[in-house]
$ cat upload.txt   # compact mmCIF, N, CA and C atoms
# COMPACT_ATOMS: atom_id res chain seq x y z
N MET A 630 19.09 33.15 -4.79
CA MET A 630 20.14 32.21 -4.53
C MET A 630 19.57 30.79 -4.65
N HIS A 631 20.23 29.96 -5.44
CA HIS A 631 19.77 28.60 -5.68
C HIS A 631 20.71 27.60 -5.02
N ASN A 632 20.11 26.53 -4.58
CA ASN A 632 20.89 25.44 -3.99
C ASN A 632 21.03 24.29 -4.98
N LYS A 633 20.84 24.58 -6.24
CA LYS A 633 20.87 23.56 -7.28
C LYS A 633 22.30 23.38 -7.78
N PRO A 634 22.78 22.12 -7.80
CA PRO A 634 24.15 21.92 -8.31
C PRO A 634 24.23 22.18 -9.81
N LYS A 635 25.43 22.47 -10.27
CA LYS A 635 25.64 22.69 -11.69
C LYS A 635 25.42 21.39 -12.45
N PHE A 636 24.99 21.53 -13.68
CA PHE A 636 24.75 20.37 -14.54
C PHE A 636 26.05 19.63 -14.80
N ASN A 637 26.01 18.32 -14.61
CA ASN A 637 27.16 17.48 -14.90
C ASN A 637 26.64 16.22 -15.57
N LEU A 638 26.88 16.10 -16.87
CA LEU A 638 26.34 14.99 -17.65
C LEU A 638 26.72 13.64 -17.06
N PHE A 639 27.98 13.47 -16.70
CA PHE A 639 28.44 12.18 -16.21
C PHE A 639 27.79 11.82 -14.87
N LYS A 640 27.66 12.79 -13.98
CA LYS A 640 26.99 12.53 -12.70
C LYS A 640 25.52 12.22 -12.93
N ASN A 641 24.87 12.98 -13.80
CA ASN A 641 23.45 12.76 -14.06
C ASN A 641 23.21 11.37 -14.66
N VAL A 642 24.07 10.96 -15.58
CA VAL A 642 23.94 9.62 -16.16
C VAL A 642 24.19 8.57 -15.09
N SER A 643 25.16 8.81 -14.21
CA SER A 643 25.43 7.82 -13.16
C SER A 643 24.25 7.71 -12.20
N TYR A 644 23.58 8.83 -11.91
CA TYR A 644 22.38 8.78 -11.06
C TYR A 644 21.28 7.96 -11.75
N ALA A 645 21.09 8.19 -13.05
CA ALA A 645 20.08 7.46 -13.79
C ALA A 645 20.39 5.96 -13.81
N LEU A 646 21.64 5.62 -14.01
CA LEU A 646 22.03 4.20 -14.03
C LEU A 646 21.86 3.57 -12.65
N ALA A 647 22.13 4.32 -11.60
CA ALA A 647 21.89 3.81 -10.24
C ALA A 647 20.40 3.56 -10.03
N GLY A 648 19.57 4.45 -10.54
CA GLY A 648 18.12 4.25 -10.46
C GLY A 648 17.68 3.02 -11.23
N MET A 649 18.28 2.82 -12.41
CA MET A 649 17.96 1.64 -13.21
C MET A 649 18.34 0.36 -12.47
N ARG A 650 19.54 0.35 -11.89
CA ARG A 650 19.98 -0.83 -11.13
C ARG A 650 19.03 -1.10 -9.96
N GLU A 651 18.63 -0.06 -9.27
CA GLU A 651 17.74 -0.23 -8.12
C GLU A 651 16.38 -0.78 -8.53
N VAL A 652 15.80 -0.25 -9.59
CA VAL A 652 14.48 -0.73 -10.01
C VAL A 652 14.58 -2.17 -10.53
N LEU A 653 15.65 -2.50 -11.21
CA LEU A 653 15.83 -3.87 -11.67
C LEU A 653 16.06 -4.83 -10.51
N ARG A 654 16.77 -4.37 -9.50
CA ARG A 654 17.06 -5.21 -8.34
C ARG A 654 15.83 -5.45 -7.46
N SER A 655 15.02 -4.43 -7.30
CA SER A 655 13.99 -4.50 -6.26
C SER A 655 12.56 -4.58 -6.76
N GLU A 656 12.32 -4.33 -8.03
CA GLU A 656 10.94 -4.28 -8.51
C GLU A 656 10.64 -5.45 -9.44
N ARG A 657 9.97 -6.45 -8.89
CA ARG A 657 9.64 -7.65 -9.67
C ARG A 657 8.75 -7.31 -10.87
N SER A 658 7.75 -6.44 -10.66
CA SER A 658 6.85 -6.10 -11.76
C SER A 658 7.61 -5.45 -12.91
N PHE A 659 8.60 -4.64 -12.60
CA PHE A 659 9.41 -4.00 -13.64
C PHE A 659 10.18 -5.05 -14.43
N ARG A 660 10.77 -6.02 -13.72
CA ARG A 660 11.52 -7.07 -14.41
C ARG A 660 10.61 -7.91 -15.31
N ILE A 661 9.41 -8.20 -14.83
CA ILE A 661 8.45 -8.96 -15.64
C ILE A 661 8.08 -8.16 -16.88
N GLN A 662 7.79 -6.88 -16.71
CA GLN A 662 7.43 -6.03 -17.84
C GLN A 662 8.57 -5.93 -18.84
N LEU A 663 9.80 -5.87 -18.35
CA LEU A 663 10.96 -5.81 -19.24
C LEU A 663 11.09 -7.11 -20.03
N LEU A 664 10.84 -8.23 -19.38
CA LEU A 664 10.88 -9.52 -20.08
C LEU A 664 9.80 -9.58 -21.16
N VAL A 665 8.61 -9.11 -20.84
CA VAL A 665 7.52 -9.10 -21.83
C VAL A 665 7.89 -8.22 -23.01
N ILE A 666 8.50 -7.08 -22.75
CA ILE A 666 8.92 -6.18 -23.84
C ILE A 666 9.98 -6.86 -24.72
N ALA A 667 10.88 -7.59 -24.10
CA ALA A 667 11.89 -8.31 -24.89
C ALA A 667 11.23 -9.35 -25.79
N LEU A 668 10.24 -10.07 -25.26
CA LEU A 668 9.52 -11.06 -26.07
C LEU A 668 8.73 -10.39 -27.18
N ILE A 669 8.13 -9.26 -26.87
CA ILE A 669 7.38 -8.50 -27.88
C ILE A 669 8.33 -8.05 -28.99
N ALA A 670 9.51 -7.58 -28.60
CA ALA A 670 10.50 -7.13 -29.60
C ALA A 670 10.86 -8.25 -30.56
N VAL A 671 11.06 -9.45 -30.02
CA VAL A 671 11.38 -10.59 -30.88
C VAL A 671 10.20 -10.88 -31.81
N GLY A 672 8.99 -10.86 -31.26
CA GLY A 672 7.81 -11.11 -32.08
C GLY A 672 7.62 -10.06 -33.16
N LEU A 673 7.93 -8.82 -32.85
CA LEU A 673 7.76 -7.74 -33.83
C LEU A 673 8.72 -7.90 -35.02
N VAL A 674 9.87 -8.48 -34.78
CA VAL A 674 10.82 -8.71 -35.88
C VAL A 674 10.15 -9.52 -36.99
N PHE A 675 9.32 -10.47 -36.60
CA PHE A 675 8.69 -11.38 -37.56
C PHE A 675 7.27 -10.95 -37.95
N ALA A 676 6.77 -9.89 -37.37
CA ALA A 676 5.41 -9.45 -37.67
C ALA A 676 5.31 -8.91 -39.10
N PRO A 677 4.22 -9.24 -39.80
CA PRO A 677 4.06 -8.78 -41.18
C PRO A 677 3.47 -7.36 -41.26
N ILE A 678 4.18 -6.42 -40.64
CA ILE A 678 3.75 -5.02 -40.64
C ILE A 678 4.94 -4.15 -41.01
N SER A 679 4.67 -2.89 -41.29
CA SER A 679 5.72 -1.98 -41.73
C SER A 679 6.74 -1.72 -40.62
N PRO A 680 7.97 -1.40 -41.01
CA PRO A 680 9.00 -1.08 -40.00
C PRO A 680 8.58 0.09 -39.09
N LEU A 681 7.92 1.09 -39.65
CA LEU A 681 7.47 2.22 -38.83
C LEU A 681 6.49 1.74 -37.77
N SER A 682 5.55 0.90 -38.15
CA SER A 682 4.58 0.39 -37.19
C SER A 682 5.26 -0.45 -36.12
N LYS A 683 6.26 -1.21 -36.51
CA LYS A 683 7.00 -2.00 -35.52
C LYS A 683 7.65 -1.09 -34.48
N TRP A 684 8.26 -0.01 -34.97
CA TRP A 684 8.91 0.92 -34.04
C TRP A 684 7.89 1.62 -33.14
N ILE A 685 6.75 1.99 -33.69
CA ILE A 685 5.71 2.64 -32.88
C ILE A 685 5.23 1.68 -31.80
N LEU A 686 4.98 0.44 -32.17
CA LEU A 686 4.51 -0.55 -31.20
C LEU A 686 5.57 -0.81 -30.13
N PHE A 687 6.80 -0.99 -30.55
CA PHE A 687 7.88 -1.24 -29.59
C PHE A 687 8.05 -0.05 -28.65
N ALA A 688 8.09 1.15 -29.20
CA ALA A 688 8.28 2.34 -28.37
C ALA A 688 7.13 2.52 -27.38
N SER A 689 5.93 2.20 -27.80
CA SER A 689 4.78 2.39 -26.91
C SER A 689 4.85 1.49 -25.68
N THR A 690 5.50 0.34 -25.80
CA THR A 690 5.59 -0.55 -24.64
C THR A 690 6.42 0.07 -23.52
N TRP A 691 7.31 0.98 -23.87
CA TRP A 691 8.15 1.62 -22.86
C TRP A 691 7.38 2.61 -21.99
N LEU A 692 6.19 3.02 -22.43
CA LEU A 692 5.37 3.90 -21.59
C LEU A 692 5.07 3.24 -20.25
N VAL A 693 4.80 1.96 -20.28
CA VAL A 693 4.49 1.24 -19.04
C VAL A 693 5.72 1.20 -18.13
N LEU A 694 6.89 0.96 -18.71
CA LEU A 694 8.11 0.94 -17.89
C LEU A 694 8.39 2.31 -17.27
N ILE A 695 8.18 3.35 -18.03
CA ILE A 695 8.39 4.70 -17.51
C ILE A 695 7.45 4.97 -16.34
N ALA A 696 6.18 4.63 -16.53
CA ALA A 696 5.21 4.83 -15.46
C ALA A 696 5.56 3.99 -14.24
N GLU A 697 6.00 2.76 -14.46
CA GLU A 697 6.38 1.88 -13.36
C GLU A 697 7.56 2.45 -12.59
N ALA A 698 8.52 3.03 -13.28
CA ALA A 698 9.67 3.64 -12.61
C ALA A 698 9.23 4.81 -11.73
N PHE A 699 8.36 5.67 -12.26
CA PHE A 699 7.85 6.78 -11.45
C PHE A 699 7.03 6.28 -10.27
N ASN A 700 6.24 5.24 -10.49
CA ASN A 700 5.46 4.66 -9.40
C ASN A 700 6.38 4.14 -8.30
N SER A 701 7.45 3.49 -8.69
CA SER A 701 8.41 2.98 -7.70
C SER A 701 9.04 4.13 -6.91
N ALA A 702 9.34 5.22 -7.60
CA ALA A 702 9.90 6.38 -6.92
C ALA A 702 8.90 6.96 -5.92
N ILE A 703 7.65 7.07 -6.31
CA ILE A 703 6.61 7.57 -5.41
C ILE A 703 6.51 6.68 -4.18
N GLU A 704 6.51 5.37 -4.39
CA GLU A 704 6.41 4.44 -3.27
C GLU A 704 7.57 4.62 -2.29
N ARG A 705 8.75 4.83 -2.80
CA ARG A 705 9.91 5.01 -1.92
C ARG A 705 9.82 6.30 -1.12
N VAL A 706 9.39 7.37 -1.77
CA VAL A 706 9.26 8.63 -1.05
C VAL A 706 8.20 8.51 0.04
N VAL A 707 7.09 7.87 -0.27
CA VAL A 707 6.04 7.67 0.74
C VAL A 707 6.59 6.85 1.90
N ASP A 708 7.31 5.78 1.59
CA ASP A 708 7.88 4.93 2.64
C ASP A 708 8.93 5.67 3.46
N LEU A 709 9.64 6.60 2.84
CA LEU A 709 10.61 7.42 3.56
C LEU A 709 9.91 8.32 4.57
N VAL A 710 8.79 8.89 4.16
CA VAL A 710 8.07 9.84 5.01
C VAL A 710 7.37 9.13 6.17
N THR A 711 6.75 7.98 5.88
CA THR A 711 6.04 7.27 6.95
C THR A 711 5.90 5.79 6.61
N ARG A 712 6.07 4.98 7.64
CA ARG A 712 5.81 3.55 7.53
C ARG A 712 4.43 3.23 8.10
N GLU A 713 3.86 4.20 8.77
CA GLU A 713 2.53 4.03 9.35
C GLU A 713 1.47 4.14 8.27
N HIS A 714 0.34 3.48 8.51
CA HIS A 714 -0.75 3.60 7.56
C HIS A 714 -1.36 5.00 7.69
N HIS A 715 -1.36 5.70 6.58
CA HIS A 715 -1.97 7.03 6.53
C HIS A 715 -2.75 7.12 5.24
N PRO A 716 -3.95 7.68 5.29
CA PRO A 716 -4.76 7.76 4.06
C PRO A 716 -4.05 8.43 2.90
N LEU A 717 -3.31 9.49 3.16
CA LEU A 717 -2.62 10.19 2.07
C LEU A 717 -1.49 9.32 1.48
N ALA A 718 -0.81 8.56 2.33
CA ALA A 718 0.24 7.66 1.83
C ALA A 718 -0.39 6.61 0.92
N GLY A 719 -1.49 6.03 1.35
CA GLY A 719 -2.18 5.05 0.52
C GLY A 719 -2.68 5.65 -0.78
N GLN A 720 -3.20 6.86 -0.70
CA GLN A 720 -3.69 7.53 -1.91
C GLN A 720 -2.55 7.80 -2.89
N ALA A 721 -1.40 8.23 -2.37
CA ALA A 721 -0.26 8.50 -3.25
C ALA A 721 0.16 7.23 -3.98
N LYS A 722 0.22 6.13 -3.25
CA LYS A 722 0.60 4.86 -3.88
C LYS A 722 -0.47 4.40 -4.88
N ASP A 723 -1.73 4.58 -4.52
CA ASP A 723 -2.82 4.20 -5.43
C ASP A 723 -2.79 5.03 -6.71
N ILE A 724 -2.52 6.31 -6.57
CA ILE A 724 -2.46 7.19 -7.75
C ILE A 724 -1.28 6.80 -8.63
N GLY A 725 -0.15 6.44 -8.03
CA GLY A 725 0.98 5.96 -8.80
C GLY A 725 0.63 4.70 -9.59
N ALA A 726 -0.08 3.77 -8.93
CA ALA A 726 -0.51 2.55 -9.60
C ALA A 726 -1.50 2.88 -10.73
N PHE A 727 -2.34 3.88 -10.51
CA PHE A 727 -3.28 4.32 -11.54
C PHE A 727 -2.52 4.85 -12.76
N GLY A 728 -1.40 5.55 -12.52
CA GLY A 728 -0.58 6.03 -13.62
C GLY A 728 -0.04 4.89 -14.46
N VAL A 729 0.37 3.80 -13.80
CA VAL A 729 0.84 2.62 -14.53
C VAL A 729 -0.30 2.04 -15.35
N MET A 730 -1.49 1.97 -14.76
CA MET A 730 -2.64 1.43 -15.49
C MET A 730 -2.98 2.30 -16.70
N LEU A 731 -2.91 3.62 -16.54
CA LEU A 731 -3.18 4.52 -17.67
C LEU A 731 -2.16 4.32 -18.78
N ALA A 732 -0.90 4.14 -18.41
CA ALA A 732 0.14 3.90 -19.42
C ALA A 732 -0.14 2.60 -20.16
N PHE A 733 -0.56 1.57 -19.42
CA PHE A 733 -0.90 0.30 -20.06
C PHE A 733 -2.08 0.48 -21.02
N CYS A 734 -3.10 1.22 -20.59
CA CYS A 734 -4.27 1.46 -21.45
C CYS A 734 -3.88 2.23 -22.71
N LEU A 735 -3.04 3.25 -22.55
CA LEU A 735 -2.58 4.01 -23.72
C LEU A 735 -1.80 3.11 -24.68
N THR A 736 -0.95 2.26 -24.13
CA THR A 736 -0.19 1.32 -24.96
C THR A 736 -1.14 0.39 -25.70
N ALA A 737 -2.15 -0.12 -25.01
CA ALA A 737 -3.13 -1.01 -25.65
C ALA A 737 -3.88 -0.28 -26.76
N MET A 738 -4.23 0.98 -26.54
CA MET A 738 -4.92 1.75 -27.58
C MET A 738 -4.01 1.95 -28.80
N ILE A 739 -2.75 2.27 -28.56
CA ILE A 739 -1.80 2.44 -29.67
C ILE A 739 -1.70 1.16 -30.47
N TRP A 740 -1.56 0.04 -29.76
CA TRP A 740 -1.47 -1.26 -30.45
C TRP A 740 -2.75 -1.52 -31.25
N GLY A 741 -3.89 -1.25 -30.65
CA GLY A 741 -5.15 -1.49 -31.35
C GLY A 741 -5.26 -0.68 -32.62
N ILE A 742 -4.92 0.60 -32.54
CA ILE A 742 -5.03 1.48 -33.70
C ILE A 742 -4.03 1.07 -34.79
N VAL A 743 -2.78 0.85 -34.40
CA VAL A 743 -1.75 0.50 -35.40
C VAL A 743 -2.10 -0.82 -36.07
N LEU A 744 -2.47 -1.82 -35.29
CA LEU A 744 -2.78 -3.13 -35.88
C LEU A 744 -4.07 -3.09 -36.69
N PHE A 745 -5.03 -2.29 -36.29
CA PHE A 745 -6.27 -2.12 -37.04
C PHE A 745 -5.97 -1.64 -38.45
N TYR A 746 -5.08 -0.64 -38.56
CA TYR A 746 -4.74 -0.10 -39.89
C TYR A 746 -3.76 -1.00 -40.63
N GLU A 747 -2.83 -1.60 -39.92
CA GLU A 747 -1.83 -2.46 -40.57
C GLU A 747 -2.49 -3.72 -41.15
N LEU A 748 -3.48 -4.23 -40.47
CA LEU A 748 -4.12 -5.46 -40.93
C LEU A 748 -5.25 -5.20 -41.93
N GLY A 749 -5.33 -3.95 -42.40
CA GLY A 749 -6.25 -3.63 -43.48
C GLY A 749 -7.68 -3.35 -43.07
N MET A 750 -7.96 -3.34 -41.79
CA MET A 750 -9.32 -3.10 -41.36
C MET A 750 -9.68 -1.62 -41.39
N GLY A 751 -8.66 -0.78 -41.42
CA GLY A 751 -8.90 0.66 -41.44
C GLY A 751 -9.03 1.24 -42.83
N ASN A 752 -8.98 0.40 -43.85
CA ASN A 752 -9.09 0.88 -45.24
C ASN A 752 -10.48 0.68 -45.77
$ encode --input "upload.txt" --output "structure tokens"
Amino acid sequence: MHNKPKFNLFKNVSYALAGMREVLRSERSFRIQLLVIALIAVGLVFAPISPLSKWILFASTWLVLIAEAFNSAIERVVDLVTREHHPLAGQAKDIGAFGVMLAFCLTAMIWGIVLFYELGMGN
């Protein structure tokens, strides 16, 4: 016997949009990252690289936003469970922040590889 509700596309989308509104409202780092991505998108329009490379670079920037959203969710769950300082609560938040850092590093590696080949250094 499962306590899982039936799939409802409209409800699921509304939950996702509520999450988006919450992260935009309350997470300054997310808003800054979104602004940087918008500026990057404008810059990529004028970049002298292939359209495929532009899309790869643009898409890779969203890895950081995805990680930041999960990190924010982890922080809220930890705060729900306890407001007191607990080593496990701190570790959970630190690991979430590490996930954001890993996403940033992966994005930087993707950019490095794509630009290395696009700018002719890989030939």
$ closest_residue --input "upload.txt" --among "A:Ala726, A:Leu692, A:Leu686, A:Leu717" --to "Trp740 of chain A" --atoms "all atoms listed in the file"
A:Leu686
$ atom_distance --input "upload.txt" --atom1 "atom CA of Ser679 of chain A" --atom2 "atom CA of Glu747 of chain A"
7.7 Å
$ closest_residue --input "upload.txt" --among "A:Leu694, A:Ile685, A:Met649, A:Leu663" --to "Val743 of chain A" --atoms "all atoms listed in the file"
A:Ile685
$ residues_around --input "upload.txt" --residues "Gln662 of chain A" --least-positions-apart "4" --cutoff "12 Å" --atoms "only C-alpha atoms" --output "ChimeraX atom specification"
/A:652-653,656-658,666-669,690-698,729,733
$ closest_residue --input "upload.txt" --among "A:Asn700, A:Arg712, A:Pro634, A:Met750" --to "Gly728 of chain A" --atoms "only N, CA and C atoms"
A:Asn700
$ atom_distance --input "upload.txt" --atom1 "atom CA of Gly725 of chain A" --atom2 "atom CA of Ile703 of chain A"
6.8 Å
$ residues_around --input "upload.txt" --residues "Ile678 of chain A" --least-positions-apart "3" --cutoff "12 Å" --atoms "only C-alpha atoms" --output "ChimeraX atom specification"
/A:672-675,681-686,743-749
$ atom_distance --input "upload.txt" --atom1 "atom C of Ala688 of chain A" --atom2 "atom CA of Ala670 of chain A"
10.5 Å
$ closest_residue --input "upload.txt" --among "A:Leu664, A:Phe699, A:His714, A:Val707" --to "Phe727 of chain A" --atoms "only C-alpha atoms"
A:Phe699
$ closest_residue --input "upload.txt" --among "A:Ser689, A:Val665, A:Gln720, A:Leu646" --to "Thr736 of chain A" --atoms "all atoms listed in the file"
A:Ser689
$ residues_around --input "upload.txt" --residues "Asp708 of chain A" --least-positions-apart "6" --cutoff "12 Å" --atoms "only C-alpha atoms" --output "ChimeraX atom specification"
/A:701-702,714-715,717-719,721-722
$ write_last_selection --input "upload.txt" --atoms "N, CA and C atoms" --output "PDB file, in the frame of the given file"
ATOM      1  N   SER A 701       7.450   3.490  -8.690  1.00  0.00           N
ATOM      2  CA  SER A 701       8.410   2.980  -7.700  1.00  0.00           C
ATOM      3  C   SER A 701       9.040   4.130  -6.910  1.00  0.00           C
ATOM      4  N   ALA A 702       9.340   5.220  -7.600  1.00  0.00           N
ATOM      5  CA  ALA A 702       9.900   6.380  -6.920  1.00  0.00           C
ATOM      6  C   ALA A 702       8.900   6.960  -5.920  1.00  0.00           C
ATOM      7  N   HIS A 714       0.340   3.480   8.510  1.00  0.00           N
ATOM      8  CA  HIS A 714      -0.750   3.600   7.560  1.00  0.00           C
ATOM      9  C   HIS A 714      -1.360   5.000   7.690  1.00  0.00           C
ATOM     10  N   HIS A 715      -1.360   5.700   6.580  1.00  0.00           N
ATOM     11  CA  HIS A 715      -1.970   7.030   6.530  1.00  0.00           C
ATOM     12  C   HIS A 715      -2.750   7.120   5.240  1.00  0.00           C
ATOM     13  N   LEU A 717      -3.310   9.490   3.160  1.00  0.00           N
ATOM     14  CA  LEU A 717      -2.620  10.190   2.070  1.00  0.00           C
ATOM     15  C   LEU A 717      -1.490   9.320   1.480  1.00  0.00           C
ATOM     16  N   ALA A 718      -0.810   8.560   2.330  1.00  0.00           N
ATOM     17  CA  ALA A 718       0.240   7.660   1.830  1.00  0.00           C
ATOM     18  C   ALA A 718      -0.390   6.610   0.920  1.00  0.00           C
ATOM     19  N   GLY A 719      -1.490   6.030   1.350  1.00  0.00           N
ATOM     20  CA  GLY A 719      -2.180   5.050   0.520  1.00  0.00           C
ATOM     21  C   GLY A 719      -2.680   5.650  -0.780  1.00  0.00           C
ATOM     22  N   ALA A 721      -1.400   8.230  -2.370  1.00  0.00           N
ATOM     23  CA  ALA A 721      -0.260   8.500  -3.250  1.00  0.00           C
ATOM     24  C   ALA A 721       0.160   7.230  -3.980  1.00  0.00           C
ATOM     25  N   LYS A 722       0.220   6.130  -3.250  1.00  0.00           N
ATOM     26  CA  LYS A 722       0.600   4.860  -3.880  1.00  0.00           C
ATOM     27  C   LYS A 722      -0.470   4.400  -4.880  1.00  0.00           C
TER      28      LYS A 722
END
